[in-house]
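Engineer: PDB, C-alpha atoms, saved as my_file-v1.pdb, coming up:
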ATOM      1  CA  MET M   1     -40.481  60.657  27.109
ATOM      2  CA  ARG M   2     -39.624  62.811  30.114
ATOM      3  CA  TRP M   3     -37.132  64.838  28.087
ATOM      4  CA  PHE M   4     -39.830  65.478  25.460
ATOM      5  CA  ALA M   5     -42.292  66.725  28.091
ATOM      6  CA  SER M   6     -39.638  68.979  29.599
ATOM      7  CA  LEU M   7     -38.733  70.334  26.174
ATOM      8  CA  PHE M   8     -42.392  70.975  25.349
ATOM      9  CA  ALA M   9     -42.896  72.835  28.654
ATOM     10  CA  LEU M  10     -39.820  74.965  27.939
ATOM     11  CA  MET M  11     -41.099  75.784  24.434
ATOM     12  CA  VAL M  12     -44.452  76.863  25.857
ATOM     13  CA  LEU M  13     -42.739  79.038  28.469
ATOM     14  CA  VAL M  14     -40.515  80.719  25.879
ATOM     15  CA  SER M  15     -43.495  81.219  23.570
ATOM     16  CA  CYS M  16     -45.482  82.895  26.341
ATOM     17  CA  GLU M  17     -42.560  85.116  27.269
ATOM     18  CA  SER M  18     -41.687  86.114  23.700
ATOM     19  CA  ASP M  19     -45.174  86.907  22.423
ATOM     20  CA  ALA M  20     -47.270  87.975  25.407
ATOM     21  CA  PRO M  21     -49.307  91.095  26.190
ATOM     22  CA  VAL M  22     -47.429  93.632  28.270
ATOM     23  CA  SER M  23     -48.934  93.448  31.759
ATOM     24  CA  GLU M  24     -50.580  96.422  33.440
ATOM     25  CA  ARG M  25     -50.593  98.750  30.482
ATOM     26  CA  LEU M  26     -50.500 102.429  31.458
ATOM     27  CA  VAL M  27     -51.778 103.705  28.107
ATOM     28  CA  SER M  28     -54.734 102.647  25.982
ATOM     29  CA  GLY M  29     -54.494  99.726  23.594
ATOM     30  CA  GLU M  30     -52.819  96.338  23.723
ATOM     31  CA  VAL M  31     -49.197  95.822  22.751
ATOM     32  CA  TYR M  32     -47.362  92.510  22.505
ATOM     33  CA  PHE M  33     -43.726  92.230  23.543
ATOM     34  CA  SER M  34     -41.768  89.741  21.423
ATOM     35  CA  GLN M  35     -38.173  88.810  20.757
ATOM     36  CA  GLY M  36     -38.104  91.387  17.946
ATOM     37  CA  SER M  37     -39.298  94.185  20.208
ATOM     38  CA  GLY M  38     -35.736  95.245  20.958
ATOM     39  CA  GLN M  39     -35.202  96.557  17.440
ATOM     40  CA  GLU M  40     -36.476 100.035  18.262
ATOM     41  CA  LEU M  41     -34.420 102.925  19.577
ATOM     42  CA  ILE M  42     -35.956 104.111  22.871
ATOM     43  CA  LEU M  43     -35.431 107.729  23.930
ATOM     44  CA  ILE M  44     -36.279 109.118  27.359
ATOM     45  CA  SER M  45     -35.972 112.907  27.599
ATOM     46  CA  ARG M  46     -36.723 115.714  30.004
ATOM     47  CA  GLY M  47     -35.924 119.421  30.072
ATOM     48  CA  PHE M  48     -35.989 122.597  32.110
ATOM     49  CA  GLY M  49     -35.664 126.326  31.599
ATOM     50  CA  GLY M  50     -37.069 128.464  28.814
ATOM     51  CA  GLU M  51     -40.362 127.662  27.123
ATOM     52  CA  GLY M  52     -41.920 124.533  25.712
ATOM     53  CA  LEU M  53     -40.140 121.277  26.465
ATOM     54  CA  GLY M  54     -37.239 123.139  28.064
ATOM     55  CA  ALA M  55     -34.132 124.920  26.835
ATOM     56  CA  HIS M  56     -31.858 122.415  28.594
ATOM     57  CA  ARG M  57     -32.463 118.758  27.777
ATOM     58  CA  LEU M  58     -31.226 115.424  29.068
ATOM     59  CA  THR M  59     -31.749 112.379  26.865
ATOM     60  CA  TYR M  60     -31.165 108.668  27.362
ATOM     61  CA  GLU M  61     -30.972 106.607  24.145
ATOM     62  CA  LEU M  62     -31.209 102.828  24.425
ATOM     63  CA  ALA M  63     -30.224 101.272  21.093
ATOM     64  CA  PRO M  64     -31.108  97.785  19.789
ATOM     65  CA  ASP M  65     -27.496  96.666  20.398
ATOM     66  CA  ASN M  66     -27.911  97.508  24.131
ATOM     67  CA  LYS M  67     -25.683 100.582  23.842
ATOM     68  CA  LEU M  68     -26.832 103.473  26.021
ATOM     69  CA  LYS M  69     -26.041 107.090  25.206
ATOM     70  CA  VAL M  70     -26.641 109.898  27.712
ATOM     71  CA  SER M  71     -26.552 113.400  26.255
ATOM     72  CA  TYR M  72     -27.081 117.010  27.258
ATOM     73  CA  SER M  73     -28.318 119.407  24.601
ATOM     74  CA  LEU M  74     -29.897 122.795  24.073
ATOM     75  CA  ALA M  75     -33.173 123.222  22.237
ATOM     76  CA  SER M  76     -31.532 125.879  20.061
ATOM     77  CA  VAL M  77     -28.541 123.697  19.085
ATOM     78  CA  GLU M  78     -28.851 120.677  16.819
ATOM     79  CA  GLN M  79     -25.842 118.703  18.103
ATOM     80  CA  PRO M  80     -25.461 117.558  21.747
ATOM     81  CA  ILE M  81     -23.100 119.601  23.895
ATOM     82  CA  ALA M  82     -21.959 116.626  25.999
ATOM     83  CA  GLU M  83     -22.318 112.846  25.652
ATOM     84  CA  GLU M  84     -21.491 109.659  27.542
ATOM     85  CA  ALA M  85     -21.663 106.093  26.220
ATOM     86  CA  PHE M  86     -22.328 102.852  28.087
ATOM     87  CA  GLU M  87     -23.152  99.241  27.257
ATOM     88  CA  LEU M  88     -25.846  97.373  29.162
ATOM     89  CA  SER M  89     -26.020  93.649  29.722
ATOM     90  CA  SER M  90     -28.571  91.918  27.510
ATOM     91  CA  GLU M  91     -30.565  90.906  30.615
ATOM     92  CA  LEU M  92     -30.802  94.471  31.961
ATOM     93  CA  ALA M  93     -31.608  95.933  28.541
ATOM     94  CA  HIS M  94     -34.370  93.352  28.022
ATOM     95  CA  GLN M  95     -35.843  94.051  31.449
ATOM     96  CA  ILE M  96     -35.871  97.815  30.854
ATOM     97  CA  ARG M  97     -37.439  97.470  27.406
ATOM     98  CA  ARG M  98     -40.184  95.199  28.699
ATOM     99  CA  GLU M  99     -41.035  97.637  31.496
ATOM    100  CA  VAL M 100     -40.917 100.731  29.288
ATOM    101  CA  TRP M 101     -43.173  98.995  26.767
ATOM    102  CA  ARG M 102     -45.992  99.497  29.264
ATOM    103  CA  LEU M 103     -45.879 103.098  27.981
ATOM    104  CA  ARG M 104     -45.518 102.270  24.278
ATOM    105  CA  PRO M 105     -48.423 103.754  22.305
ATOM    106  CA  GLU M 106     -50.478 101.526  20.057
ATOM    107  CA  LYS M 107     -50.721 104.359  17.523
ATOM    108  CA  PHE M 108     -47.867 104.705  15.012
ATOM    109  CA  SER M 109     -47.159 108.231  13.808
ATOM    110  CA  ALA M 110     -45.566 109.157  10.493
ATOM    111  CA  ASP M 111     -45.008 112.720  11.744
ATOM    112  CA  LEU M 112     -43.783 112.828  15.333
ATOM    113  CA  LEU M 113     -43.135 116.567  15.160
ATOM    114  CA  ASN M 114     -46.784 117.474  14.573
ATOM    115  CA  ASP M 115     -48.969 114.585  15.764
ATOM    116  CA  TRP M 116     -50.459 114.544  19.261
ATOM    117  CA  PRO M 117     -48.629 112.144  21.600
ATOM    118  CA  THR M 118     -50.166 109.425  23.749
ATOM    119  CA  LEU M 119     -50.788 110.222  27.422
ATOM    120  CA  PRO M 120     -51.260 107.945  30.458
ATOM    121  CA  LEU M 121     -54.737 106.592  31.112
ATOM    122  CA  GLY M 122     -56.953 109.200  32.730
ATOM    123  CA  CYS M 123     -55.002 112.180  31.312
ATOM    124  CA  GLU M 124     -55.946 114.711  28.648
ATOM    125  CA  ARG M 125     -53.918 117.368  26.882
ATOM    126  CA  ARG M 126     -55.022 120.791  28.122
ATOM    127  CA  GLY M 127     -54.026 122.812  25.103
ATOM    128  CA  LEU M 128     -50.970 123.515  22.978
ATOM    129  CA  HIS M 129     -48.960 124.882  25.909
ATOM    130  CA  ASP M 130     -49.539 121.892  28.186
ATOM    131  CA  TYR M 131     -45.981 120.625  27.832
ATOM    132  CA  PRO M 132     -44.865 117.279  29.321
ATOM    133  CA  GLU M 133     -42.430 116.665  32.137
ATOM    134  CA  ILE M 134     -40.862 113.648  30.395
ATOM    135  CA  TRP M 135     -41.338 112.208  26.953
ATOM    136  CA  VAL M 136     -40.542 108.690  25.716
ATOM    137  CA  ILE M 137     -40.085 107.989  22.017
ATOM    138  CA  PHE M 138     -39.945 104.620  20.245
ATOM    139  CA  LEU M 139     -38.159 104.859  16.880
ATOM    140  CA  PRO M 140     -37.911 101.953  14.406
ATOM    141  CA  ASP M 141     -35.513 104.045  12.290
ATOM    142  CA  GLU M 142     -33.669 106.925  13.957
ATOM    143  CA  SER M 143     -33.097 108.624  10.582
ATOM    144  CA  LYS M 144     -36.863 109.189  10.135
ATOM    145  CA  PRO M 145     -39.321 111.191  12.304
ATOM    146  CA  GLU M 146     -41.631 108.178  12.515
ATOM    147  CA  GLY M 147     -42.571 106.114  15.526
ATOM    148  CA  ARG M 148     -44.505 106.359  18.769
ATOM    149  CA  THR M 149     -44.429 109.096  21.406
ATOM    150  CA  PHE M 150     -45.534 108.945  25.026
ATOM    151  CA  ASP M 151     -45.798 112.141  27.089
ATOM    152  CA  LEU M 152     -45.776 112.150  30.884
ATOM    153  CA  PRO M 153     -47.739 115.252  31.964
ATOM    154  CA  ARG M 154     -46.577 117.451  34.803
ATOM    155  CA  THR M 155     -48.314 116.677  38.086
ATOM    156  CA  GLU M 156     -50.285 119.931  37.980
ATOM    157  CA  SER M 157     -51.700 118.876  34.614
ATOM    158  CA  CYS M 158     -52.576 115.260  35.485
ATOM    159  CA  SER M 159     -52.113 113.127  38.581
ATOM    160  CA  SER M 160     -54.074 110.022  37.619
ATOM    161  CA  SER M 161     -53.011 106.641  38.974
ATOM    162  CA  ALA M 162     -51.565 105.690  35.577
ATOM    163  CA  ALA M 163     -49.607 108.960  35.421
ATOM    164  CA  GLU M 164     -48.071 108.362  38.848
ATOM    165  CA  GLN M 165     -47.234 104.757  37.954
ATOM    166  CA  SER M 166     -45.685 105.959  34.693
ATOM    167  CA  ARG M 167     -43.494 108.410  36.598
ATOM    168  CA  LEU M 168     -42.309 105.666  38.961
ATOM    169  CA  LEU M 169     -41.667 103.326  36.033
ATOM    170  CA  ILE M 170     -39.530 105.895  34.192
ATOM    171  CA  GLU M 171     -37.635 106.837  37.338
ATOM    172  CA  GLY M 172     -36.978 103.146  37.988
ATOM    173  CA  ALA M 173     -35.695 102.584  34.461
ATOM    174  CA  VAL M 174     -33.388 105.594  34.660
ATOM    175  CA  ALA M 175     -32.142 104.539  38.113
ATOM    176  CA  SER M 176     -31.115 101.158  36.698
ATOM    177  CA  PHE M 177     -28.842 102.798  34.099
ATOM    178  CA  PRO M 178     -25.114 103.168  34.842
ATOM    179  CA  ASN M 179     -24.112 106.213  36.856
ATOM    180  CA  SER M 180     -23.785 109.197  34.510
ATOM    181  CA  MET M 181     -21.847 112.354  35.299
ATOM    182  CA  ILE M 182     -23.903 114.271  32.734
ATOM    183  CA  ALA M 183     -27.192 113.124  34.285
ATOM    184  CA  ASN M 184     -25.936 113.954  37.784
ATOM    185  CA  GLU M 185     -24.918 117.482  36.775
ATOM    186  CA  PHE M 186     -28.145 117.993  34.833
ATOM    187  CA  ASN M 187     -30.268 116.960  37.813
ATOM    188  CA  LYS M 188     -28.313 119.307  40.104
ATOM    189  CA  ALA M 189     -28.809 122.189  37.688
ATOM    190  CA  MET M 190     -32.520 121.381  37.295
ATOM    191  CA  SER M 191     -33.054 121.226  41.072
ATOM    192  CA  ALA M 192     -31.336 124.579  41.591
ATOM    193  CA  TYR M 193     -32.959 126.276  38.604
ATOM    194  CA  ASP M 194     -34.679 129.601  39.273
ATOM    195  CA  PRO M 195     -36.908 130.658  36.331
ATOM    196  CA  TYR M 196     -36.504 134.298  37.372
ATOM    197  CA  ASN M 197     -32.693 134.179  37.323
ATOM    198  CA  TYR M 198     -31.740 134.303  33.644
ATOM    199  CA  SER M 199     -28.006 134.103  34.373
ATOM    200  CA  GLN M 200     -28.508 130.482  35.433
ATOM    201  CA  ASP M 201     -28.892 129.433  31.801
ATOM    202  CA  SER M 202     -25.262 130.245  31.019
ATOM    203  CA  GLN M 203     -24.132 128.724  34.337
ATOM    204  CA  ALA M 204     -25.964 125.473  33.570
ATOM    205  CA  ILE M 205     -24.376 125.293  30.110
ATOM    206  CA  GLN M 206     -20.912 125.787  31.541
ATOM    207  CA  SER M 207     -21.275 123.170  34.297
ATOM    208  CA  LEU M 208     -22.789 120.547  31.992
ATOM    209  CA  ALA M 209     -20.425 121.070  29.075
ATOM    210  CA  ASN M 210     -17.247 120.819  31.156
TER     211      ASN M 210
END
Would you mind giving the structure from this file in structure tokens?
Structural biologist:
Amino acid sequence: MRWFASLFALMVLVSCESDAPVSERLVSGEVYFSQGSGQELILISRGFGGEGLGAHRLTYELAPDNKLKVSYSLASVEQPIAEEAFELSSELAHQIRREVWRLRPEKFSADLLNDWPTLPLGCERRGLHDYPEIWVIFLPDESKPEGRTFDLPRTESCSSSAAEQSRLLIEGAVASFPNSMIANEFNKAMSAYDPYNYSQDSQAIQSLAN
């Protein structure tokens, strides 16, 4: 009977792991993480320069098959200018998804382009021009603009405890990804960016596209 008790304990442990509330949620609502939770495409994006979300954009795409794509794009151009592809181990991909799900909104949107995104606890959108620093999108079908969007506000807009924890969580997830030349060059260009020096836009494009 010992083997039966051990098997039962293992089944309980797996059940708890595969259908349990995500701990320490950083947005409102309750979301359960299950074995099927890896079927969404997760995008993490940030930008700089220009208006809105940024003329220059860096995006990480974690696919259900654990493939990771890192891309640099311009807001004015539909196709990415540069891309890199990686494959994560199933353990690392699972760990990242479970952590990032702490930001996954409860609300599902059928129109991501026009609906208001979810913000960290303690934050409020301060108008149409209160653009985020980083945005995270959960897409069940990448061919449709439907899913869930989380916006991390800039520190001057909101510095709540949940916002700071969200920033650390995203930075930790990105740091666990494989080293990316595109991400490295993007971060250098973003750090050196001078909003009053318009010639830097063309310089950033050249350095990131090469």
Engineer: Wanna dump the stretch 169-190 of chain M-stretch 79-85 of chain M contacts at 10 Å for me, each residue with its shortest atom pair and the distance in Å to one decimal, counting only C-alpha atoms, ordered by chain and number, as a Markdown table?
Structural biologist:
| residue | atom | partner | partner_atom | distance |
| --- | --- | --- | --- | --- |
| M:Pro178 | CA | M:Ala85 | CA | 9.7 |
| M:Ser180 | CA | M:Glu84 | CA | 7.4 |
| M:Met181 | CA | M:Glu84 | CA | 8.2 |
| M:Ile182 | CA | M:Glu84 | CA | 7.4 |
| M:Ala183 | CA | M:Glu84 | CA | 9.5 |
Engineer: Please indicate the distance in Å from atom CA of M:Gly127 to atom CA of M:Asp111, rounded to one decimal place.
Structural biologist: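 Separation between atom CA of M:Gly127 and atom CA of M:Asp111: 19.0 Å.
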Engineer: Counting only C-alpha atoms, give me one row per residue of stretch 133-172 of chain M with an atom at most 8 Å from an atom of stretch 40-48 of chain M, showing the shortest contact pair and its distance in Å to one decimal, sorted by chain then residue number, as JSON lines.
Structural biologist:
{"residue": "M:Glu133", "atom": "CA", "partner": "M:Arg46", "partner_atom": "CA", "distance": 6.2}
{"residue": "M:Ile134", "atom": "CA", "partner": "M:Arg46", "partner_atom": "CA", "distance": 4.6}
{"residue": "M:Trp135", "atom": "CA", "partner": "M:Ser45", "partner_atom": "CA", "distance": 5.4}
{"residue": "M:Val136", "atom": "CA", "partner": "M:Ile44", "partner_atom": "CA", "distance": 4.6}
{"residue": "M:Ile137", "atom": "CA", "partner": "M:Leu43", "partner_atom": "CA", "distance": 5.0}
{"residue": "M:Phe138", "atom": "CA", "partner": "M:Ile42", "partner_atom": "CA", "distance": 4.8}
{"residue": "M:Leu139", "atom": "CA", "partner": "M:Leu41", "partner_atom": "CA", "distance": 5.0}
{"residue": "M:Pro140", "atom": "CA", "partner": "M:Glu40", "partner_atom": "CA", "distance": 4.5}
{"residue": "M:Asp141", "atom": "CA", "partner": "M:Glu40", "partner_atom": "CA", "distance": 7.3}
{"residue": "M:Glu142", "atom": "CA", "partner": "M:Leu41", "partner_atom": "CA", "distance": 6.9}
Engineer: Go through M:Pro105, M:Gly172, M:Pro195, M:Gly52 and flag the residue nearest M:His129, using all atoms listed in the file for the distances.
Structural biologist: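 Of all the options, M:Gly52 lies closest to M:His129.
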Engineer: So what do you get for atom CA of M:Ser166 versus atom CA of M:Gly147, distance-wise?
Structural biologist: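 Atom-to-atom, atom CA of M:Ser166 and atom CA of M:Gly147 are spaced 19.4 Å apart.
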Engineer: Please rebuild stretch 158-177 of chain M with N, CA, C and O atoms and return the result as an mmCIF file, in the frame of the given file.
Structural biologist:
data_model
loop_
_atom_site.group_PDB
_atom_site.id
_atom_site.type_symbol
_atom_site.label_atom_id
_atom_site.label_comp_id
_atom_site.auth_asym_id
_atom_site.auth_seq_id
_atom_site.Cartn_x
_atom_site.Cartn_y
_atom_site.Cartn_z
ATOM 1 N N CYS M 158 -51.872 116.530 35.299
ATOM 2 C CA CYS M 158 -52.576 115.260 35.485
ATOM 3 C C CYS M 158 -51.878 114.448 36.567
ATOM 4 O O CYS M 158 -50.655 114.279 36.536
ATOM 5 N N SER M 159 -52.657 113.950 37.501
ATOM 6 C CA SER M 159 -52.113 113.127 38.581
ATOM 7 C C SER M 159 -52.909 111.833 38.721
ATOM 8 O O SER M 159 -53.137 111.348 39.829
ATOM 9 N N SER M 160 -53.336 111.278 37.586
ATOM 10 C CA SER M 160 -54.074 110.022 37.619
ATOM 11 C C SER M 160 -53.164 108.902 38.123
ATOM 12 O O SER M 160 -51.942 109.033 38.169
ATOM 13 N N SER M 161 -53.778 107.781 38.486
ATOM 14 C CA SER M 161 -53.011 106.641 38.974
ATOM 15 C C SER M 161 -52.021 106.164 37.919
ATOM 16 O O SER M 161 -50.861 105.849 38.226
ATOM 17 N N ALA M 162 -52.455 106.128 36.654
ATOM 18 C CA ALA M 162 -51.565 105.690 35.577
ATOM 19 C C ALA M 162 -50.409 106.661 35.380
ATOM 20 O O ALA M 162 -49.286 106.250 35.082
ATOM 21 N N ALA M 163 -50.673 107.959 35.563
ATOM 22 C CA ALA M 163 -49.607 108.960 35.421
ATOM 23 C C ALA M 163 -48.563 108.787 36.514
ATOM 24 O O ALA M 163 -47.350 108.853 36.251
ATOM 25 N N GLU M 164 -49.011 108.555 37.740
ATOM 26 C CA GLU M 164 -48.071 108.362 38.848
ATOM 27 C C GLU M 164 -47.279 107.070 38.670
ATOM 28 O O GLU M 164 -46.071 107.034 38.939
ATOM 29 N N GLN M 165 -47.937 106.016 38.212
ATOM 30 C CA GLN M 165 -47.234 104.757 37.954
ATOM 31 C C GLN M 165 -46.232 104.922 36.813
ATOM 32 O O GLN M 165 -45.136 104.351 36.853
ATOM 33 N N SER M 166 -46.593 105.702 35.811
ATOM 34 C CA SER M 166 -45.685 105.959 34.693
ATOM 35 C C SER M 166 -44.440 106.690 35.170
ATOM 36 O O SER M 166 -43.313 106.384 34.745
ATOM 37 N N ARG M 167 -44.637 107.660 36.062
ATOM 38 C CA ARG M 167 -43.494 108.410 36.598
ATOM 39 C C ARG M 167 -42.555 107.482 37.372
ATOM 40 O O ARG M 167 -41.331 107.542 37.204
ATOM 41 N N LEU M 168 -43.123 106.609 38.199
ATOM 42 C CA LEU M 168 -42.309 105.666 38.961
ATOM 43 C C LEU M 168 -41.595 104.683 38.037
ATOM 44 O O LEU M 168 -40.427 104.321 38.278
ATOM 45 N N LEU M 169 -42.276 104.254 36.985
ATOM 46 C CA LEU M 169 -41.667 103.326 36.033
ATOM 47 C C LEU M 169 -40.460 103.962 35.347
ATOM 48 O O LEU M 169 -39.388 103.346 35.245
ATOM 49 N N ILE M 170 -40.630 105.205 34.876
ATOM 50 C CA ILE M 170 -39.530 105.895 34.192
ATOM 51 C C ILE M 170 -38.375 106.145 35.146
ATOM 52 O O ILE M 170 -37.204 105.932 34.803
ATOM 53 N N GLU M 171 -38.681 106.598 36.348
ATOM 54 C CA GLU M 171 -37.635 106.837 37.338
ATOM 55 C C GLU M 171 -36.888 105.547 37.666
ATOM 56 O O GLU M 171 -35.663 105.549 37.841
ATOM 57 N N GLY M 172 -37.615 104.424 37.725
ATOM 58 C CA GLY M 172 -36.978 103.146 37.988
ATOM 59 C C GLY M 172 -36.065 102.714 36.857
ATOM 60 O O GLY M 172 -34.965 102.191 37.093
ATOM 61 N N ALA M 173 -36.521 102.941 35.612
ATOM 62 C CA ALA M 173 -35.695 102.584 34.461
ATOM 63 C C ALA M 173 -34.414 103.408 34.441
ATOM 64 O O ALA M 173 -33.315 102.879 34.246
ATOM 65 N N VAL M 174 -34.549 104.710 34.668
ATOM 66 C CA VAL M 174 -33.388 105.594 34.660
ATOM 67 C C VAL M 174 -32.437 105.240 35.804
ATOM 68 O O VAL M 174 -31.208 105.259 35.640
ATOM 69 N N ALA M 175 -32.977 104.883 36.962
ATOM 70 C CA ALA M 175 -32.142 104.539 38.113
ATOM 71 C C ALA M 175 -31.337 103.269 37.871
ATOM 72 O O ALA M 175 -30.280 103.080 38.481
ATOM 73 N N SER M 176 -31.826 102.403 36.983
ATOM 74 C CA SER M 176 -31.115 101.158 36.698
ATOM 75 C C SER M 176 -29.990 101.349 35.687
ATOM 76 O O SER M 176 -29.175 100.442 35.496
ATOM 77 N N PHE M 177 -29.930 102.509 35.037
ATOM 78 C CA PHE M 177 -28.842 102.798 34.099
ATOM 79 C C PHE M 177 -27.537 103.025 34.862
ATOM 80 O O PHE M 177 -27.542 103.373 36.046
#
